[in-house]
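> Below is entry_32.cif; it holds mmCIF, C-alpha atoms.
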```cif
data_protein
#
loop_
_atom_site.label_atom_id
_atom_site.label_comp_id
_atom_site.auth_asym_id
_atom_site.auth_seq_id
_atom_site.Cartn_x
_atom_site.Cartn_y
_atom_site.Cartn_z
CA MET A 19 76.08 151.94 -141.92
CA ASN A 20 73.25 149.69 -142.98
CA GLN A 21 70.19 149.65 -140.75
CA THR A 22 68.38 146.45 -139.94
CA VAL A 23 64.85 146.46 -141.31
CA ASN A 24 62.11 145.37 -138.93
CA PRO A 25 59.26 143.86 -140.99
CA PHE A 26 56.90 144.12 -138.05
CA ILE A 27 57.41 147.88 -137.76
CA ASN A 28 57.05 148.27 -141.52
CA SER A 29 53.78 146.42 -141.40
CA LEU A 30 52.45 149.03 -138.98
CA GLN A 31 53.26 151.94 -141.30
CA TRP A 32 50.37 153.49 -143.16
CA ASN A 33 50.20 152.63 -146.84
CA PRO A 34 47.79 154.82 -148.83
CA THR A 35 47.35 152.11 -151.45
CA GLN A 36 45.92 149.74 -148.86
CA ALA A 37 43.19 152.08 -147.59
CA ASP A 38 40.47 150.23 -149.44
CA ALA A 39 41.60 146.95 -147.94
CA ALA A 40 40.59 147.97 -144.40
CA PRO A 41 37.90 145.73 -142.88
CA PRO A 42 34.36 147.08 -142.91
CA ALA A 43 33.32 149.01 -139.82
CA SER A 44 30.72 146.39 -139.07
CA GLU A 45 33.43 143.74 -138.58
CA ASN A 46 35.07 145.74 -135.77
CA PRO A 47 32.47 148.29 -134.70
CA ASN A 48 34.39 149.50 -131.65
CA ASN A 49 37.75 149.70 -133.48
CA SER A 50 39.28 148.25 -130.29
CA LEU A 51 42.05 145.77 -129.63
CA GLY A 52 40.80 142.57 -128.06
CA GLN A 53 42.75 139.93 -126.14
CA GLU A 54 43.28 137.60 -129.12
CA GLU A 55 44.39 140.45 -131.36
CA PHE A 56 46.80 141.67 -128.70
CA LEU A 57 48.40 138.23 -128.30
CA GLU A 58 48.75 137.87 -132.08
CA LEU A 59 50.35 141.29 -132.24
CA MET A 60 52.80 140.45 -129.45
CA THR A 61 53.72 137.13 -131.11
CA ALA A 62 54.36 138.84 -134.43
CA GLN A 63 56.45 141.47 -132.69
CA LEU A 64 58.64 138.82 -131.06
CA GLN A 65 59.03 136.88 -134.30
CA ASN A 66 60.00 139.95 -136.29
CA GLN A 67 62.11 141.81 -133.78
CA ASP A 68 65.64 142.86 -134.61
CA PRO A 69 67.89 139.97 -133.47
CA PHE A 70 70.70 142.48 -132.79
CA SER A 71 68.41 144.58 -130.61
CA PRO A 72 65.76 142.30 -129.08
CA MET A 73 63.03 143.57 -126.85
CA GLU A 74 64.03 143.93 -123.24
CA ASN A 75 62.25 141.67 -120.76
CA ALA A 76 61.12 144.71 -118.82
CA ASP A 77 59.52 146.23 -121.93
CA PHE A 78 57.72 142.99 -122.74
CA ILE A 79 56.45 142.58 -119.18
CA GLY A 80 55.40 146.23 -119.14
CA GLN A 81 53.29 145.79 -122.26
CA MET A 82 51.66 142.67 -120.84
CA ALA A 83 50.95 144.44 -117.54
CA GLN A 84 49.46 147.43 -119.36
CA PHE A 85 47.12 145.25 -121.38
CA GLY A 86 46.17 143.25 -118.29
CA THR A 87 45.29 146.44 -116.45
CA VAL A 88 43.11 147.76 -119.27
CA SER A 89 41.43 144.38 -119.73
CA GLY A 90 40.83 144.11 -115.98
CA ILE A 91 39.25 147.55 -115.82
CA GLY A 92 36.95 146.64 -118.70
CA ASP A 93 35.87 143.43 -116.96
CA LEU A 94 35.34 145.32 -113.70
CA GLN A 95 33.18 147.92 -115.43
CA ALA A 96 31.06 145.23 -117.04
CA GLU A 97 30.59 143.42 -113.72
CA PHE A 98 29.74 146.68 -111.95
CA ALA A 99 27.16 147.57 -114.62
CA ALA A 100 25.51 144.16 -114.20
CA PHE A 101 25.54 144.57 -110.42
CA THR A 102 23.97 148.04 -110.73
CA ASN A 103 21.14 146.71 -112.92
CA THR A 104 20.50 143.95 -110.39
CA MET A 105 20.36 146.47 -107.55
CA LYS A 106 17.90 148.65 -109.47
CA SER A 107 15.60 145.68 -110.01
CA GLN A 108 15.84 144.78 -106.33
CA MET A 109 15.06 148.38 -105.36
CA LEU A 110 11.85 148.28 -107.41
CA VAL A 111 10.83 144.96 -105.85
CA ASP A 112 11.46 146.26 -102.33
CA ALA A 113 9.69 149.57 -102.99
CA SER A 114 6.63 147.78 -104.40
CA ASN A 115 5.87 146.69 -100.84
CA ILE A 116 5.05 150.33 -100.06
CA VAL A 117 2.33 150.57 -102.73
CA GLY A 118 -1.06 150.90 -101.06
CA LYS A 119 0.40 152.12 -97.79
CA SER A 120 0.26 155.63 -96.40
CA VAL A 121 3.36 157.79 -96.07
CA LEU A 122 3.90 161.09 -94.30
CA THR A 123 5.73 163.70 -96.36
CA GLN A 124 6.06 167.45 -96.41
CA GLY A 125 3.50 169.19 -98.62
CA ASP A 126 0.64 171.69 -98.68
CA ALA A 127 -1.82 169.41 -100.51
CA ILE A 128 -4.05 167.09 -98.50
CA ASP A 129 -6.15 164.28 -99.96
CA LEU A 130 -9.70 163.97 -98.54
CA PRO A 131 -11.17 160.47 -99.00
CA ALA A 132 -14.82 159.75 -99.77
CA GLU A 133 -15.28 158.76 -96.15
CA GLY A 134 -13.30 159.47 -93.02
CA ASP A 135 -10.81 162.15 -92.06
CA ALA A 136 -7.75 163.68 -93.69
CA ARG A 137 -4.74 163.79 -91.39
CA GLY A 138 -1.56 165.81 -91.20
CA MET A 139 1.21 166.89 -88.89
CA LEU A 140 3.19 169.99 -87.99
CA LYS A 141 6.81 169.82 -86.87
CA LEU A 142 7.26 172.90 -84.70
CA VAL A 143 10.79 174.06 -83.98
CA SER A 144 9.57 176.29 -81.13
CA ASP A 145 6.52 176.86 -78.94
CA VAL A 146 3.62 178.81 -80.46
CA ASP A 147 0.66 180.61 -78.94
CA SER A 148 -1.74 179.40 -81.65
CA VAL A 149 -1.94 177.67 -85.03
CA THR A 150 -4.35 178.48 -87.86
CA ILE A 151 -4.98 175.95 -90.63
CA ASN A 152 -6.88 177.27 -93.64
CA ILE A 153 -8.14 174.64 -96.09
CA GLU A 154 -8.90 175.74 -99.65
CA ASN A 155 -10.46 173.93 -102.59
CA GLU A 156 -9.04 173.69 -106.12
CA SER A 157 -10.53 177.10 -106.96
CA GLY A 158 -8.72 178.74 -104.04
CA ALA A 159 -11.93 179.31 -102.07
CA LEU A 160 -11.68 178.94 -98.29
CA VAL A 161 -13.51 175.78 -97.19
CA ARG A 162 -12.59 175.33 -93.55
CA THR A 163 -10.50 177.03 -90.86
CA ILE A 164 -9.08 174.94 -88.01
CA ARG A 165 -7.59 176.71 -85.00
CA LEU A 166 -5.31 175.10 -82.44
CA SER A 167 -4.47 176.65 -79.09
CA ASP A 168 -0.93 177.04 -77.75
CA GLN A 169 1.39 174.21 -78.80
CA ASP A 170 4.79 173.06 -77.58
CA ALA A 171 7.69 172.52 -79.95
CA GLY A 172 7.71 169.11 -81.61
CA ASP A 173 5.23 167.03 -83.60
CA VAL A 174 1.64 168.27 -83.59
CA GLU A 175 -0.94 166.06 -85.30
CA PHE A 176 -4.15 167.47 -86.74
CA SER A 177 -7.11 166.07 -88.63
CA TRP A 178 -9.91 167.37 -90.83
CA ASP A 179 -13.27 165.64 -90.78
CA GLY A 180 -14.10 166.84 -94.28
CA LEU A 181 -16.72 169.37 -93.15
CA ASN A 182 -16.72 172.98 -94.26
CA ASP A 183 -17.30 175.90 -91.89
CA ASP A 184 -21.09 175.40 -92.30
CA GLY A 185 -20.88 171.79 -91.14
CA VAL A 186 -21.49 170.28 -94.57
CA ARG A 187 -19.16 167.57 -95.87
CA VAL A 188 -17.32 168.58 -99.02
CA PRO A 189 -16.56 166.26 -101.97
CA GLU A 190 -13.54 164.00 -101.87
CA GLY A 191 -10.46 165.30 -103.61
CA THR A 192 -7.27 167.25 -103.10
CA TYR A 193 -7.32 170.41 -101.01
CA THR A 194 -4.64 172.98 -100.20
CA LEU A 195 -3.37 173.80 -96.72
CA ASN A 196 -2.27 177.27 -95.66
CA VAL A 197 -0.83 177.05 -92.13
CA THR A 198 0.42 179.86 -89.91
CA GLY A 199 1.67 180.03 -86.37
CA SER A 200 1.56 182.96 -83.95
CA LEU A 201 4.01 183.69 -81.14
CA ARG A 202 3.79 186.87 -79.04
CA GLY A 203 1.80 188.63 -81.74
CA GLU A 204 4.13 187.66 -84.62
CA THR A 205 2.78 185.37 -87.35
CA GLN A 206 4.81 183.21 -89.69
CA GLY A 207 4.06 180.47 -92.22
CA LEU A 208 4.49 176.82 -91.30
CA SER A 209 5.19 173.86 -93.56
CA PRO A 210 2.71 171.04 -92.92
CA TYR A 211 3.26 167.32 -93.38
CA VAL A 212 0.45 165.26 -94.88
CA TYR A 213 -0.44 161.60 -95.29
CA GLY A 214 -1.01 160.16 -98.74
CA GLU A 215 -1.39 156.71 -100.24
CA VAL A 216 1.45 155.44 -102.42
CA GLU A 217 -0.05 154.64 -105.82
CA SER A 218 3.11 153.49 -107.61
CA VAL A 219 6.91 153.55 -107.54
CA SER A 220 9.45 154.14 -110.29
CA LEU A 221 13.10 154.97 -110.88
CA GLY A 222 14.01 158.63 -111.17
CA GLY A 223 15.35 160.27 -114.31
CA ASP A 224 18.95 159.47 -113.44
CA GLN A 225 17.97 155.89 -112.51
CA SER A 226 19.69 156.27 -109.14
CA GLU A 227 16.83 156.90 -106.72
CA MET A 228 13.35 155.60 -106.09
CA VAL A 229 10.37 157.89 -106.72
CA LEU A 230 7.07 157.38 -104.91
CA HIS A 231 3.89 158.66 -106.54
CA VAL A 232 1.69 159.69 -103.63
CA SER A 233 -2.02 160.37 -104.05
CA GLY A 234 -2.84 164.05 -103.64
CA VAL A 235 0.79 164.91 -102.98
CA GLY A 236 2.75 164.04 -106.10
CA ALA A 237 6.21 162.57 -106.64
CA LYS A 238 8.39 162.09 -103.57
CA THR A 239 11.67 160.31 -102.90
CA MET A 240 12.33 158.04 -99.96
CA ASP A 241 14.35 160.86 -98.39
CA ASP A 242 11.12 162.89 -98.21
CA VAL A 243 9.26 160.21 -96.25
CA VAL A 244 9.28 160.62 -92.46
CA GLU A 245 6.73 157.89 -91.63
CA ILE A 246 5.19 154.82 -93.26
CA ALA A 247 1.83 153.56 -92.01
CA LYS A 248 0.81 149.91 -92.17
CA ALA A 249 -2.29 150.71 -94.19
CA ALA A 250 -3.70 153.65 -96.10
CA ILE A 251 -5.09 156.28 -93.76
#
```
Is it possible to express this structure as structure tokens?

Amino acid sequence: MNQTVNPFINSLQWNPTQADAAPPASENPNNSLGQEEFLELMTAQLQNQDPFSPMENADFIGQMAQFGTVSGIGDLQAEFAAFTNTMKSQMLVDASNIVGKSVLTQGDAIDLPAEGDARGMLKLVSDVDSVTINIENESGALVRTIRLSDQDAGDVEFSWDGLNDDGVRVPEGTYTLNVTGSLRGETQGLSPYVYGEVESVSLGGDQSEMVLHVSGVGAKTMDDVVEIAKAAI
């Protein structure tokens, strides 16, 4: 029995002799099927279909629905990417309002200004009999020891006037805190929180979170910030 030839199907078959006739890659860099190409392909398929075995309506509608879904997803992705870029720009604008202000974050480095005090805070989870704060310079030499008497659990603020143990003011700069607490004769290390001025803001490596560059402290995210002061302390 003779078989009906479908020219459309034949046109889709690979012909080695036509390999050189393929369009340059630059003409269709993504090698993807766009909306116009898809409609042309569907029209040619309808015109060249076997009249004794035409395409079922369900098959035709299915192909249209499939293309519509793929096209819709592509449009949604493009719109979402544009929205994401807009949000990133807005995040930078909003975060720029923090530049020049003082934030409280966890860290063992404290920034001593040319004048005035350096401030910090302890967040105690339990009562302690005493607290010892050792302040060291960049060389690791002990500069000042501050002792606090018994403290209740909660936030405990402390300050350093910039004087060493001999009562002489030390140069401005970044110093290291070594804090311990004692309870019933047992001593354990404590993690201090320090204030630092926000010098700049930027997007992190994955472009998904804001990074604050805090003087004397380093890079911190907004999740690390527990307090924002109105002005640099």
> With a distance cut-off of 9 Å and only C-alpha atoms, select the neighbouring residues of A:Thr163, excluding the residue or stretch itself and same-chain residues fewer than 6 positions from it, and output the selection as number ranges by chain.
A: 150-153, 182-183
> Which neighbours of stretch 165-171 of chain A fall inside 8 Å, counting all atoms listed in the file, when residues of the same chain fewer than 2 positions from it are skipped, and could you give them as a list in words?
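Once the adjacent positions are removed, what remains is Lys141, Leu142, Val143, Ser144, Asp145, Val146, Asp147, Ser148, Val149, Thr150, Ile151, Thr163, Asp173 and Val174 of chain A.
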> Any idea what's packed within 12 Å of A:Thr192, counting all atoms listed in the file, ignoring anything in its chain fewer than 5 positions away? Could you give it as a count of residues only?
24
> So which residues get picked by the PyMOL selection byres ((chain A and resi 118-121) around 9) here, written as a PyMOL selection string?
chain A and resi 114-117+122-123+212-218+232+243-251
> If I take atom CA of A:Arg162 and atom CA of A:Gly185, how far is one from the other in Å, to one decimal?
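We find that atom CA of A:Arg162 and atom CA of A:Gly185 lie 9.3 Å from each other.
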> Find, counting only C-alpha atoms, the residue in A:Val188, A:Leu195, A:Leu221, A:Met240 that gets nearest to A:Ser209.
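Of A:Val188, A:Leu195, A:Leu221, A:Met240, the one nearest A:Ser209, counting only C-alpha atoms, is A:Leu195.
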> Mind giving me the straight-line distance from atom CA of A:Leu140 to atom CA of A:Pro210 in Å, one decimal?
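About the pair atom CA of A:Leu140 and atom CA of A:Pro210: they are 5.1 Å apart.
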> Enter the distance from atom CA of A:Tyr193 to atom CA of A:Lys238, in Å, rounded to one decimal.
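Atom CA of A:Lys238 lies at a distance of 18.0 Å from atom CA of A:Tyr193.
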> Given the file above and the PyMOL selection byres ((chain A and resi 220) around 7), which residues are selected, and can you give them as a PyMOL selection string?
chain A and resi 110+218-219+221-222+228-230
> Near A:Gly207, within 8 Å and counting only C-alpha atoms, which residues show up once chain neighbours fewer than 3 positions away are dropped, as a list of chain:residue names?
A:Asn196, A:Val197, A:Thr198, A:Gly199
> Counting all atoms listed in the file, which residue out of A:Glu58, A:Glu175, A:Asp241, A:Glu190 sits closest to A:Gly138?
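Between A:Glu58, A:Glu175, A:Asp241, A:Glu190, the residue approaching A:Gly138 most closely is A:Glu175.
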> With distances taken over all atoms listed in the file, which of A:Leu160, A:Gly191, A:Asp184, A:Phe176 is nearest to A:Glu133?
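The closest residue to A:Glu133 is A:Gly191.
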